[in-house]
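Trainee: This is the structure, below, for whatever I ask next.
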Amino acid sequence: MAKNDDNLLKKIVSHAKEYGFVFPSSEIYDGLSATYDYGQNGVELKNNIKQYWWKAMVQLNENIVGLDAAIFMHPTTWKASGHVDAFNDPLIDNKDSKKRYRADVLVEDYLAKIETKITKEVGKAAKRFGEAFNKNEFMRTNARVLGYKEKIAAIEKRMQSAIENQNFDDFKALIEELEIACPVSGSKNWTEVRQFNLMFSTELGSVAGDASTIYLRPETAQGIFVNYLNVQKTGRMKLPFGIAQIGKAFRNEIIARQFIFRMREFEQMEMQFFVKPGEELNWYKAWKKQRMQWHKALGLGNAKYRFHDHLNLAHYANAAADIEFDFPMGFKELEGIHSRTDFDLSAHEKYSGKKLQFFDPQENKNYTPYVVETSIGLDRMFLAVLAASYTEETLEDGSERVVLSLPPALAPTKVAVLPLTKKDGLPDKARAIINELKFDFTTQYDEKDAIGKRYRRQDAIGTPYCVTIDHQTLEDNTVTIRNRDTMAQERVPINKVRETLEKNTSLTDILRKINTP
RNA sequence: GCGGGAGUAGCUCAGCUGGUAGAGCGACAGCCUUCCAAGCUGUAGGUCGCGAGUUCGAACCUCGUCUCCCGCUCCA
């Protein structure tokens, strides 16, 4: 099964390239690692996905507004967000098992073991002393416990200083002195500790020397947080309210792979929802539900989605879950929903010295709002839609066709208008129809090759409808509409084409599904 | 980054023990007119990922490099 799925991903990659959805970036120069460009059909599909998200967020919710923040941000932003520290992971490899670890995690695991020893000492003592046992007293006075505590403190201090001073030789020395072994191989044969900065940096200011280092944003969220007050004040927003943003983010991943699933330059669709402290977990649950509905409303198959609740929470979160999608390479994260508490706003208050609070007229007091975040990878969503839609069909006559069963509302081209032949004025009639439809729908005209071949071409790029002009059209102004998925044809008056397209290729019906409170 | 595999036409691939490239599909132009890729004629497209070395001669051998795929890892 895994092997077939590998092939499936390969087929999707080939199809995406062959039909102008996704190209390797700068391909004529051999490409650039894990960077891809969206082609003529890809950009349409991507824009449609964006529109579906944007409408679901901003248009349907009167308390959610949009934002488009700059990619460059003040460097202090990333100190406040924790990215400067958290995105500088010191890594170390075990030469025998070939496993890679975060060096600080290895040490922290070691410290956890010592903590376990303390717990055991406490347990033993509790048994010994019975009811008279005073835990705090014991922790303060017991020699062994104090010894463990001192050791932990010393190790932590040394690790901190190694990280802060970028002294990786000492970091490695620490690991060796503690005789930390690889959990897999049991070996203590380590490489050097190396630093991987996951943020791209560049220089602001054209004169070298005068320039200051700035980063390409590693997430779009901070652009929302730093604008929280601007939006709240100028939009007269009251809690709870949300700010939505679609934009690029950049991470210098150690390894970026699996087509457009993990790229170094990627696009996020994020909505930060500001709520009253204490209500965040209710909103977290509500948004989990809401976001899942948004996905399922597309009709790619409910079984392709599942939740993954985080047990180990990031430093900024008090609840977190992923919506995972059944990609060709298995269930993987598509969207994250996080209850971020007031971590971000408080950090920005601290670093900027500005109050980022909300005056609650009911309670007659100020407080820093809590935040519930929904964050989806646009490129991942694109891959999910593409993968779920890619279908190889064997027809009744034994021939095969490849069809992209895209949700019609997301299809790059909504309708192809095809004259049955190139003669007898059929092309002119087809052009006339296109000239009417093109103001509202993406259209294509094709007169080359047999009609069946043209249908297949449209199938391959997911065009939901083909309108065919034949000789009868000239007589009674009727055309046939051919359905991509059923291949069935229906003869209708020309003026009915628009109605069919409006009804079946717009986002409206999908949006209605998710807007039922 | 480490280990394994692979780069030949838009796609899928063939190309023997080294003798300067082929197929199928696709694309384009025309003919035919027939509603589900299958007719006919013609055309375009590759310095075989890139660079160096060995050789009289390299798609093929050697080295380097880039990119992709799988695993480790990380995450949107």
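In the structure tokens, chains take the letters A, B, ... in the order shown, each chain's residues start at 1, and ligands count up from 1 in the order shown.
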Taking only C-alpha atoms (C1' of nucleotides) into account and nothing else, which residues of chain B lie no more than 7 Å away from chain A? Please answer as a PDB file with C-alpha atoms (C1' of nucleotides), in the first residue's frame.

Mentor:
```
ATOM      1  C1'   C B   2      23.436  11.714   7.314  1.00  0.00           C
ATOM      2  C1'   G B  10       6.160  18.310 -22.220  1.00  0.00           C
ATOM      3  C1'   C B  11       4.982  13.063 -19.690  1.00  0.00           C
ATOM      4  C1'   U B  33     -16.267  15.783 -39.688  1.00  0.00           C
ATOM      5  C1'   C B  35     -20.238  13.683 -29.150  1.00  0.00           C
ATOM      6  C1'   C B  36     -15.944  10.775 -25.290  1.00  0.00           C
ATOM      7  C1'   A B  37      -8.176  10.443 -26.315  1.00  0.00           C
ATOM      8  C1'   G B  49      21.141  17.765 -14.967  1.00  0.00           C
ATOM      9  C1'   C B  66      23.164  20.561  -8.381  1.00  0.00           C
ATOM     10  C1'   U B  67      18.243  18.666  -8.165  1.00  0.00           C
ATOM     11  C1'   C B  72      15.980   9.818  10.145  1.00  0.00           C
ATOM     12  C1'   U B  73      14.332  14.872  11.782  1.00  0.00           C
ATOM     13  C1'   A B  76       1.917  24.986   8.499  1.00  0.00           C
TER      14        A B  76
END
```

Trainee: Which polymer residues have any atom within 9 Å of an atom of A:Tyr215, counting only C-alpha atoms (C1' of nucleotides), with same-chain residues fewer than 2 positions away left out, as a CSV table (one decimal) with C-alpha atoms, in the first residue's frame?

Mentor:
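Output file part.csv is given in full below:
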```csv
chain,number,residue,atom,x,y,z
A,71,ILE,CA,6.7,40.2,5.5
A,72,PHE,CA,9.5,42.3,7.1
A,73,MET,CA,9.0,43.1,10.7
A,74,HIS,CA,10.9,44.8,13.4
A,75,PRO,CA,13.6,42.4,14.7
A,78,TRP,CA,10.9,37.7,16.9
A,199,MET,CA,14.7,31.9,10.2
A,200,PHE,CA,16.0,33.5,7.0
A,201,SER,CA,17.8,36.7,7.7
A,202,THR,CA,18.7,39.6,5.4
A,203,GLU,CA,19.8,43.1,5.8
A,213,THR,CA,19.7,42.2,10.4
A,217,ARG,CA,8.7,36.2,8.9
A,218,PRO,CA,8.6,32.5,10.0
```

Trainee: Using only C-alpha atoms (C1' of nucleotides), which residues sit within 9 Å of stretch 22-32 of chain B once same-chain residues fewer than 3 positions away are excluded, as a list in words?

Mentor: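 Close residues of stretch 22-32 of chain B: G10, C11, U12, C13, A14, G15, G39, C40, U41, G42, U43 and A44 of chain B.
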
Trainee: Just to confirm, what's the straight-line distance from atom CA of A:Asp85 to atom CA of A:Asn318 in Å (one decimal)?

Mentor: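 Separation between atom CA of A:Asp85 and atom CA of A:Asn318: 19.9 Å.
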
Trainee: Considering only alpha helix (DSSP H) as DSSP defines it on the backbone, what residues of stretch 52-276 of chain A qualify? List them as a PyMOL selection string.

Mentor: chain A and resi 52-54+76-80+83-86+103-129+135-141+143-164+168-177+221-226+228-234

Trainee: Run DSSP on the backbone and grab whatever in stretch 189-333 of chain A lands in strand (DSSP E or B); send it over as a PyMOL selection string.

Mentor: chain A and resi 190+194-197+201-204+212-216+241-250+265-275+305-309+319-327+330-333

Trainee: Find the residues around A:Thr234 up to 12 Å (only C-alpha atoms (C1' of nucleotides) counted), leave out those fewer than 6 positions away in its own chain, and share them as an NGL selection string.

Mentor: :A and (65 or 227-228)

Trainee: What is the distance, in Å and to one decimal place, between atom CA of A:Ser405 and atom CA of A:Asp446?

Mentor: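 So the answer is 20.4 Å.
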
Trainee: Which residues come within 9 Å of stretch 342-355 of chain A, counting only C-alpha atoms (C1' of nucleotides), excluding same-chain residues fewer than 4 positions away, as a list of chain:residue names?

Mentor: A:Thr76, A:Thr77, A:Lys79, A:Ala80, A:Ser81, A:Gly82, A:Gln222, A:Phe225, A:Val226, A:Tyr228, A:Leu229, A:Pro277, A:His315, A:Tyr316, A:Ala317, A:Thr368, A:Pro369, A:Tyr370, A:Val371
